[in-house]
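Visitor: model.csv is the file, holding CSV, N, CA and C atoms:
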```csv
chain,number,residue,atom,x,y,z
A,1,MET,N,-63.4,-146.3,68.7
A,1,MET,CA,-62.9,-146.8,69.9
A,1,MET,C,-61.4,-146.7,70.0
A,2,ASN,N,-60.7,-147.2,68.9
A,2,ASN,CA,-59.2,-147.1,68.9
A,2,ASN,C,-58.7,-145.7,68.8
A,3,SER,N,-59.5,-144.8,68.1
A,3,SER,CA,-59.0,-143.4,68.0
A,3,SER,C,-59.1,-142.7,69.4
A,4,ASN,N,-60.1,-143.1,70.2
A,4,ASN,CA,-60.2,-142.5,71.5
A,4,ASN,C,-59.0,-142.9,72.4
A,5,ARG,N,-58.6,-144.1,72.3
A,5,ARG,CA,-57.4,-144.6,73.1
A,5,ARG,C,-56.2,-143.9,72.6
A,6,PHE,N,-56.1,-143.7,71.3
A,6,PHE,CA,-54.9,-143.0,70.8
A,6,PHE,C,-54.8,-141.6,71.2
A,7,ILE,N,-56.0,-140.9,71.2
A,7,ILE,CA,-56.0,-139.5,71.7
A,7,ILE,C,-55.7,-139.4,73.2
A,8,LEU,N,-56.2,-140.4,74.0
A,8,LEU,CA,-55.9,-140.4,75.4
A,8,LEU,C,-54.4,-140.7,75.6
A,9,LEU,N,-53.8,-141.6,74.8
A,9,LEU,CA,-52.4,-141.8,74.9
A,9,LEU,C,-51.6,-140.6,74.6
A,10,LEU,N,-52.0,-139.8,73.6
A,10,LEU,CA,-51.3,-138.6,73.3
A,10,LEU,C,-51.4,-137.6,74.4
A,11,ILE,N,-52.5,-137.5,75.0
A,11,ILE,CA,-52.7,-136.5,76.1
A,11,ILE,C,-51.8,-136.9,77.3
A,12,VAL,N,-51.8,-138.2,77.6
A,12,VAL,CA,-51.0,-138.7,78.7
A,12,VAL,C,-49.5,-138.4,78.4
A,13,LEU,N,-49.1,-138.7,77.2
A,13,LEU,CA,-47.7,-138.5,76.9
A,13,LEU,C,-47.3,-137.0,76.9
A,14,ALA,N,-48.2,-136.2,76.4
A,14,ALA,CA,-48.0,-134.7,76.4
A,14,ALA,C,-47.8,-134.2,77.9
A,15,PHE,N,-48.7,-134.7,78.8
A,15,PHE,CA,-48.6,-134.3,80.2
A,15,PHE,C,-47.3,-134.8,80.8
A,16,PHE,N,-46.9,-136.0,80.5
A,16,PHE,CA,-45.7,-136.6,81.1
A,16,PHE,C,-44.5,-135.8,80.7
A,17,PHE,N,-44.4,-135.5,79.4
A,17,PHE,CA,-43.2,-134.7,78.9
A,17,PHE,C,-43.2,-133.3,79.4
A,18,THR,N,-44.4,-132.7,79.5
A,18,THR,CA,-44.5,-131.4,80.1
A,18,THR,C,-44.0,-131.4,81.5
A,19,TRP,N,-44.5,-132.3,82.3
A,19,TRP,CA,-44.2,-132.4,83.8
A,19,TRP,C,-42.7,-132.7,84.0
A,20,ASN,N,-42.1,-133.6,83.2
A,20,ASN,CA,-40.7,-133.8,83.3
A,20,ASN,C,-39.9,-132.6,83.0
A,21,ASN,N,-40.3,-131.8,82.0
A,21,ASN,CA,-39.6,-130.6,81.6
A,21,ASN,C,-39.7,-129.6,82.7
A,22,VAL,N,-40.8,-129.5,83.4
A,22,VAL,CA,-41.0,-128.5,84.5
A,22,VAL,C,-40.1,-128.9,85.6
A,23,ILE,N,-40.0,-130.2,86.0
A,23,ILE,CA,-39.2,-130.7,87.1
A,23,ILE,C,-37.7,-130.5,86.8
A,24,SER,N,-37.3,-130.8,85.5
A,24,SER,CA,-35.9,-130.8,85.2
A,24,SER,C,-35.3,-129.5,84.9
A,25,GLN,N,-36.1,-128.5,84.8
A,25,GLN,CA,-35.6,-127.1,84.5
A,25,GLN,C,-34.8,-126.7,85.7
A,26,ASP,N,-33.8,-125.9,85.5
A,26,ASP,CA,-33.0,-125.3,86.6
A,26,ASP,C,-33.8,-124.4,87.3
A,27,THR,N,-34.0,-124.6,88.6
A,27,THR,CA,-34.8,-123.7,89.5
A,27,THR,C,-33.9,-123.4,90.7
A,28,ASP,N,-34.3,-122.4,91.4
A,28,ASP,CA,-33.6,-122.1,92.6
A,28,ASP,C,-34.0,-123.0,93.7
A,29,PHE,N,-33.3,-123.0,94.7
A,29,PHE,CA,-33.5,-124.0,95.8
A,29,PHE,C,-34.9,-123.8,96.4
A,30,GLU,N,-35.3,-122.6,96.6
A,30,GLU,CA,-36.7,-122.4,97.2
A,30,GLU,C,-37.8,-122.9,96.3
A,31,SER,N,-37.7,-122.7,95.0
A,31,SER,CA,-38.7,-123.2,94.1
A,31,SER,C,-38.7,-124.8,94.1
A,32,PHE,N,-37.5,-125.3,94.1
A,32,PHE,CA,-37.4,-126.8,94.1
A,32,PHE,C,-38.0,-127.4,95.4
A,33,LEU,N,-37.7,-126.7,96.5
A,33,LEU,CA,-38.2,-127.2,97.8
A,33,LEU,C,-39.8,-127.1,97.8
A,34,ASN,N,-40.3,-125.9,97.4
A,34,ASN,CA,-41.7,-125.7,97.4
A,34,ASN,C,-42.4,-126.7,96.5
A,35,LEU,N,-41.8,-127.1,95.4
A,35,LEU,CA,-42.5,-128.1,94.5
A,35,LEU,C,-42.6,-129.4,95.3
A,36,HIS,N,-41.6,-129.8,96.0
A,36,HIS,CA,-41.7,-131.1,96.8
A,36,HIS,C,-42.7,-130.9,98.0
A,37,ILE,N,-42.7,-129.8,98.6
A,37,ILE,CA,-43.7,-129.5,99.7
A,37,ILE,C,-45.1,-129.6,99.2
A,38,GLU,N,-45.4,-129.0,98.0
A,38,GLU,CA,-46.7,-129.0,97.5
A,38,GLU,C,-47.1,-130.4,97.1
A,39,LYS,N,-46.2,-131.2,96.6
A,39,LYS,CA,-46.5,-132.6,96.2
A,39,LYS,C,-46.9,-133.4,97.5
A,40,ALA,N,-46.1,-133.2,98.5
A,40,ALA,CA,-46.4,-133.9,99.8
A,40,ALA,C,-47.7,-133.5,100.4
A,41,ILE,N,-48.1,-132.2,100.3
A,41,ILE,CA,-49.4,-131.7,100.8
A,41,ILE,C,-50.5,-132.4,100.0
A,42,VAL,N,-50.4,-132.4,98.7
A,42,VAL,CA,-51.4,-133.0,97.8
A,42,VAL,C,-51.5,-134.5,98.2
A,43,ASN,N,-50.4,-135.2,98.4
A,43,ASN,CA,-50.5,-136.6,98.8
A,43,ASN,C,-50.9,-136.8,100.2
A,44,GLY,N,-51.2,-135.8,101.0
A,44,GLY,CA,-51.7,-135.9,102.3
A,44,GLY,C,-50.6,-136.3,103.4
A,45,GLN,N,-49.4,-136.2,103.0
A,45,GLN,CA,-48.3,-136.5,103.9
A,45,GLN,C,-48.1,-135.4,105.0
A,46,ILE,N,-48.2,-134.2,104.6
A,46,ILE,CA,-48.0,-133.1,105.5
A,46,ILE,C,-49.0,-132.0,105.3
A,47,ASN,N,-49.0,-131.0,106.1
A,47,ASN,CA,-50.0,-129.9,106.0
A,47,ASN,C,-49.2,-128.6,105.5
A,48,GLN,N,-49.9,-127.5,105.3
A,48,GLN,CA,-49.3,-126.3,105.0
A,48,GLN,C,-48.3,-125.9,106.0
A,49,ASP,N,-47.2,-125.2,105.7
A,49,ASP,CA,-46.2,-124.7,106.6
A,49,ASP,C,-45.5,-125.7,107.4
A,50,PRO,N,-44.9,-126.8,106.8
A,50,PRO,CA,-44.2,-127.8,107.6
A,50,PRO,C,-42.9,-127.2,108.1
A,51,LEU,N,-42.3,-127.8,109.1
A,51,LEU,CA,-41.0,-127.5,109.6
A,51,LEU,C,-40.0,-127.9,108.6
A,52,ILE,N,-39.1,-127.0,108.2
A,52,ILE,CA,-38.1,-127.4,107.2
A,52,ILE,C,-36.7,-127.4,107.9
A,53,ILE,N,-36.0,-128.5,107.8
A,53,ILE,CA,-34.7,-128.6,108.4
A,53,ILE,C,-33.7,-128.9,107.3
A,54,VAL,N,-32.7,-128.0,107.1
A,54,VAL,CA,-31.7,-128.1,106.1
A,54,VAL,C,-30.4,-128.5,106.8
A,55,GLN,N,-29.9,-129.7,106.6
A,55,GLN,CA,-28.6,-130.1,107.2
A,55,GLN,C,-28.6,-129.9,108.7
A,56,GLY,N,-29.7,-130.2,109.3
A,56,GLY,CA,-29.8,-130.1,110.8
A,56,GLY,C,-30.2,-128.7,111.3
A,57,LEU,N,-30.3,-127.8,110.4
A,57,LEU,CA,-30.6,-126.4,110.8
A,57,LEU,C,-32.1,-126.1,110.5
A,58,PRO,N,-32.9,-125.9,111.6
A,58,PRO,CA,-34.3,-125.5,111.4
A,58,PRO,C,-34.4,-124.2,110.7
A,59,ILE,N,-35.2,-124.1,109.7
A,59,ILE,CA,-35.4,-122.9,108.9
A,59,ILE,C,-36.7,-122.2,109.4
A,60,ASP,N,-36.5,-120.9,109.7
A,60,ASP,CA,-37.6,-120.1,110.1
A,60,ASP,C,-37.5,-118.7,109.5
A,61,SER,N,-38.3,-117.8,109.8
A,61,SER,CA,-38.3,-116.5,109.2
A,61,SER,C,-37.0,-115.7,109.4
A,62,THR,N,-36.3,-116.0,110.5
A,62,THR,CA,-35.1,-115.3,110.7
A,62,THR,C,-33.9,-115.7,109.8
A,63,ASN,N,-33.9,-117.0,109.4
A,63,ASN,CA,-32.8,-117.4,108.6
A,63,ASN,C,-33.1,-118.0,107.2
A,64,LYS,N,-34.4,-117.9,106.9
A,64,LYS,CA,-34.9,-118.5,105.6
A,64,LYS,C,-34.2,-117.8,104.4
A,65,HIS,N,-34.2,-116.5,104.4
A,65,HIS,CA,-33.7,-115.8,103.2
A,65,HIS,C,-32.2,-116.2,103.1
A,66,ASP,N,-31.4,-116.2,104.2
A,66,ASP,CA,-30.0,-116.5,104.1
A,66,ASP,C,-29.7,-117.8,103.5
A,67,VAL,N,-30.4,-118.8,104.0
A,67,VAL,CA,-30.2,-120.2,103.6
A,67,VAL,C,-30.7,-120.4,102.2
A,68,PHE,N,-31.9,-119.9,101.8
A,68,PHE,CA,-32.4,-120.1,100.5
A,68,PHE,C,-31.6,-119.4,99.4
A,69,SER,N,-31.0,-118.3,99.8
A,69,SER,CA,-30.3,-117.5,98.8
A,69,SER,C,-29.0,-118.1,98.4
A,70,ILE,N,-28.4,-118.9,99.3
A,70,ILE,CA,-27.0,-119.4,98.9
A,70,ILE,C,-27.1,-120.8,98.3
A,71,LEU,N,-28.2,-121.5,98.5
A,71,LEU,CA,-28.3,-122.9,98.0
A,71,LEU,C,-28.9,-123.0,96.7
A,72,GLU,N,-28.6,-124.0,95.9
A,72,GLU,CA,-29.2,-124.3,94.6
A,72,GLU,C,-29.8,-125.7,94.7
A,73,LYS,N,-30.6,-126.0,93.7
A,73,LYS,CA,-31.2,-127.4,93.6
A,73,LYS,C,-30.1,-128.4,93.5
A,74,SER,N,-29.0,-128.1,92.9
A,74,SER,CA,-27.9,-129.1,92.7
A,74,SER,C,-27.2,-129.4,94.0
A,75,ASP,N,-27.4,-128.6,95.0
A,75,ASP,CA,-26.8,-128.8,96.4
A,75,ASP,C,-27.5,-129.9,97.2
A,76,VAL,N,-28.7,-130.3,96.8
A,76,VAL,CA,-29.5,-131.2,97.5
A,76,VAL,C,-29.0,-132.7,97.2
A,77,LYS,N,-28.7,-133.4,98.3
A,77,LYS,CA,-28.3,-134.8,98.1
A,77,LYS,C,-29.6,-135.7,98.3
A,78,GLU,N,-30.4,-135.3,99.3
A,78,GLU,CA,-31.6,-136.1,99.6
A,78,GLU,C,-32.7,-135.2,100.2
A,79,LEU,N,-33.9,-135.4,99.9
A,79,LEU,CA,-35.0,-134.7,100.4
A,79,LEU,C,-36.0,-135.7,100.9
A,80,SER,N,-36.4,-135.6,102.2
A,80,SER,CA,-37.3,-136.6,102.8
A,80,SER,C,-38.4,-135.8,103.5
A,81,VAL,N,-39.6,-136.4,103.4
A,81,VAL,CA,-40.8,-135.9,104.1
A,81,VAL,C,-41.2,-136.8,105.2
A,82,LEU,N,-41.3,-136.2,106.4
A,82,LEU,CA,-41.8,-137.0,107.6
A,82,LEU,C,-43.2,-136.6,107.8
A,83,GLU,N,-44.1,-137.6,107.7
A,83,GLU,CA,-45.5,-137.4,107.9
A,83,GLU,C,-45.7,-136.8,109.4
A,84,THR,N,-46.8,-136.2,109.5
A,84,THR,CA,-47.1,-135.5,110.8
A,84,THR,C,-46.9,-136.3,112.0
A,85,GLU,N,-47.5,-137.5,112.0
A,85,GLU,CA,-47.4,-138.4,113.2
A,85,GLU,C,-45.9,-138.7,113.6
A,86,LYS,N,-45.2,-139.1,112.6
A,86,LYS,CA,-43.8,-139.5,112.8
A,86,LYS,C,-43.0,-138.2,113.2
A,87,ALA,N,-43.3,-137.1,112.6
A,87,ALA,CA,-42.6,-135.9,112.9
A,87,ALA,C,-42.8,-135.4,114.3
A,88,LEU,N,-44.1,-135.6,114.8
A,88,LEU,CA,-44.4,-135.2,116.2
A,88,LEU,C,-43.6,-136.0,117.2
A,89,ASP,N,-43.4,-137.3,116.9
A,89,ASP,CA,-42.6,-138.1,117.8
A,89,ASP,C,-41.2,-137.7,117.9
A,90,ILE,N,-40.6,-137.1,116.9
A,90,ILE,CA,-39.2,-136.7,116.9
A,90,ILE,C,-39.1,-135.3,117.3
A,91,PHE,N,-39.9,-134.4,116.7
A,91,PHE,CA,-39.7,-132.9,116.9
A,91,PHE,C,-40.7,-132.2,117.8
A,92,ASP,N,-41.5,-133.0,118.5
A,92,ASP,CA,-42.6,-132.4,119.3
A,92,ASP,C,-43.5,-131.5,118.6
A,93,ASN,N,-44.1,-130.5,119.2
A,93,ASN,CA,-45.1,-129.7,118.6
A,93,ASN,C,-44.6,-128.8,117.5
A,94,ASN,N,-43.3,-128.6,117.4
A,94,ASN,CA,-42.8,-127.8,116.3
A,94,ASN,C,-43.1,-128.4,114.9
A,95,ALA,N,-43.4,-129.7,115.0
A,95,ALA,CA,-43.6,-130.5,113.7
A,95,ALA,C,-45.1,-130.8,113.5
A,96,LYS,N,-46.0,-130.0,114.1
A,96,LYS,CA,-47.4,-130.3,114.0
A,96,LYS,C,-47.9,-130.4,112.5
A,97,ASN,N,-47.2,-129.8,111.6
A,97,ASN,CA,-47.6,-129.8,110.2
A,97,ASN,C,-46.8,-130.7,109.3
A,98,GLY,N,-45.9,-131.5,110.0
A,98,GLY,CA,-45.0,-132.4,109.3
A,98,GLY,C,-43.6,-131.7,109.2
A,99,VAL,N,-42.7,-132.5,108.6
A,99,VAL,CA,-41.3,-132.0,108.5
A,99,VAL,C,-40.7,-132.4,107.2
A,100,VAL,N,-40.0,-131.4,106.6
A,100,VAL,CA,-39.2,-131.7,105.4
A,100,VAL,C,-37.7,-131.6,105.7
A,101,LEU,N,-37.0,-132.8,105.6
A,101,LEU,CA,-35.6,-132.8,105.9
A,101,LEU,C,-34.8,-132.7,104.6
A,102,VAL,N,-33.8,-131.8,104.6
A,102,VAL,CA,-33.0,-131.7,103.4
A,102,VAL,C,-31.6,-132.0,103.8
A,103,VAL,N,-31.0,-133.0,103.1
A,103,VAL,CA,-29.6,-133.3,103.3
A,103,VAL,C,-28.8,-132.8,102.1
A,104,LEU,N,-27.7,-132.1,102.4
A,104,LEU,CA,-27.0,-131.5,101.3
A,104,LEU,C,-25.8,-132.3,100.9
A,105,ASN,N,-25.3,-132.2,99.7
A,105,ASN,CA,-24.1,-132.8,99.2
A,105,ASN,C,-22.9,-132.0,99.7
A,106,ARG,N,-21.7,-132.4,99.4
A,106,ARG,CA,-20.5,-131.8,100.0
A,106,ARG,C,-20.5,-130.3,99.6
A,107,ASN,N,-20.8,-130.0,98.3
A,107,ASN,CA,-20.8,-128.6,97.9
A,107,ASN,C,-21.8,-127.7,98.7
A,108,GLY,N,-23.0,-128.3,98.9
A,108,GLY,CA,-24.0,-127.5,99.6
A,108,GLY,C,-23.6,-127.3,101.1
A,109,LYS,N,-23.0,-128.4,101.7
A,109,LYS,CA,-22.5,-128.2,103.1
A,109,LYS,C,-21.5,-127.1,103.2
A,110,LYS,N,-20.5,-127.1,102.2
A,110,LYS,CA,-19.5,-126.0,102.3
A,110,LYS,C,-20.1,-124.6,102.2
A,111,LYS,N,-21.1,-124.5,101.3
A,111,LYS,CA,-21.8,-123.2,101.1
A,111,LYS,C,-22.5,-122.8,102.4
A,112,LEU,N,-23.2,-123.7,103.0
A,112,LEU,CA,-23.9,-123.4,104.2
A,112,LEU,C,-23.0,-123.1,105.4
A,113,LYS,N,-21.9,-123.8,105.5
A,113,LYS,CA,-20.9,-123.6,106.6
A,113,LYS,C,-20.2,-122.2,106.4
A,114,ARG,N,-19.9,-121.9,105.1
A,114,ARG,CA,-19.2,-120.7,104.8
A,114,ARG,C,-20.1,-119.4,105.0
A,115,ASN,N,-21.4,-119.6,104.8
A,115,ASN,CA,-22.2,-118.4,104.8
A,115,ASN,C,-23.1,-118.2,106.1
A,116,ILE,N,-23.3,-119.3,106.8
A,116,ILE,CA,-24.2,-119.3,108.0
A,116,ILE,C,-23.4,-119.5,109.2
A,117,GLN,N,-23.4,-118.6,110.1
A,117,GLN,CA,-22.6,-118.7,111.3
A,117,GLN,C,-23.5,-119.2,112.5
```
Take the structure from the file and write it as structure tokens.
Guide:
Amino acid sequence: MNSNRFILLLIVLAFFFTWNNVISQDTDFESFLNLHIEKAIVNGQINQDPLIIVQGLPIDSTNKHDVFSILEKSDVKELSVLETEKALDIFDNNAKNGVVLVVLNRNGKKKLKRNIQ
């Protein structure tokens, strides 16, 4: 009985350290954002293909590459998920799958302003 608990504890600890290592690794902005989006989808907060707003700029296929290529994970100050119902109240039908709001720190704001007109 005690050995089963010990084995379970080892498995939980191994998973915890592996998960922390995956999250803490340096990743690009897009991978970092996708990780949070997938987590929100799994938690039932949003659906696939949510509206992404970075520093007030809606991200779509026309500007996605430009924005994602200049930003890094370290440029993010805050990342919030608006569930579908709340998002619809604010952003109308554009937010039918939920919204991911990204607020940048000062360095990220400078990068965005310098590179996106």
Visitor: Could you check which of A:Arg5, A:Lys39, A:Ile70, A:Val81 is closest to Asn97 (chain A), using only C-alpha atoms?
Guide: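 Between A:Arg5, A:Lys39, A:Ile70, A:Val81, the residue approaching Asn97 (chain A) most closely is A:Val81.
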Visitor: Report the distance between CA of Ser74 (chain A) and atom C of Gly44 (chain A) in Å, rounded to one decimal place.
Guide: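 That distance, rounded to one decimal, is 26.1 Å.
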Visitor: Place a sphere of radius 7 Å on (-28.8, -123.5, 92.0) in the file coordinates and name every protein, DNA or RNA residue with an atom inside or on its surface, counting only C-alpha atoms; give the answer as a PyMOL selection string.
Guide: chain A and resi 27-29+71-74
Visitor: Find, counting only C-alpha atoms, the residue in A:Val42, A:Asn47, A:Lys96, A:Leu33 that gets nearest to Ser80 (chain A).
Guide: A:Leu33
Visitor: Using all atoms listed in the file, which residue out of A:Leu104, A:Ile90, A:Val99, A:Ile52 lies closest to Lys77 (chain A)?
Guide: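 Using all atoms listed in the file, the shortest distance to Lys77 (chain A) belongs to A:Leu104.
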Visitor: Give the answer as one residue: which of A:Glu85, A:Glu38, A:Asp75, A:Phe32 has the shortest atom-to-atom distance to Leu112 (chain A), using only C-alpha atoms?
Guide: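 Residue with the minimum atom-to-atom distance to Leu112 (chain A): A:Asp75.
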Visitor: One decimal, Å: what's the distance from CA of Ser31 (chain A) over to atom N of Asn107 (chain A), could you say?
Guide: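 A separation of 19.6 Å between them.
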Visitor: How far is it from atom C of Leu88 (chain A) to atom N of Lys110 (chain A), in Å with one decimal?
Guide: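 Between these atoms lies a distance of 28.9 Å.
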Visitor: Pick from A:Val67, A:Glu30, A:Val76, A:Leu82: nearest to Arg106 (chain A), with only N, CA and C atoms counted?
Guide: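 Once distances to Arg106 (chain A) are computed over only N, CA and C atoms, the minimum belongs to A:Val76.
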Visitor: Between A:Ala40, A:Ala87, A:Lys113, A:Asn94, single out the one closest to Ile59 (chain A), counting only C-alpha atoms.
Guide: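 Among A:Ala40, A:Ala87, A:Lys113, A:Asn94, it is A:Asn94 that comes nearest to Ile59 (chain A).
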Visitor: If the box runs along x, y and z of the file and leaves 6 Å on each side of region 95-100 of chain A, what are its centre and edge lengths in Å, one decimal, as JSON?
Guide:
```
{"center_x": -42.8, "center_y": -131.1, "center_z": 110.2, "size_x": 22.2, "size_y": 14.8, "size_z": 21.6}
```
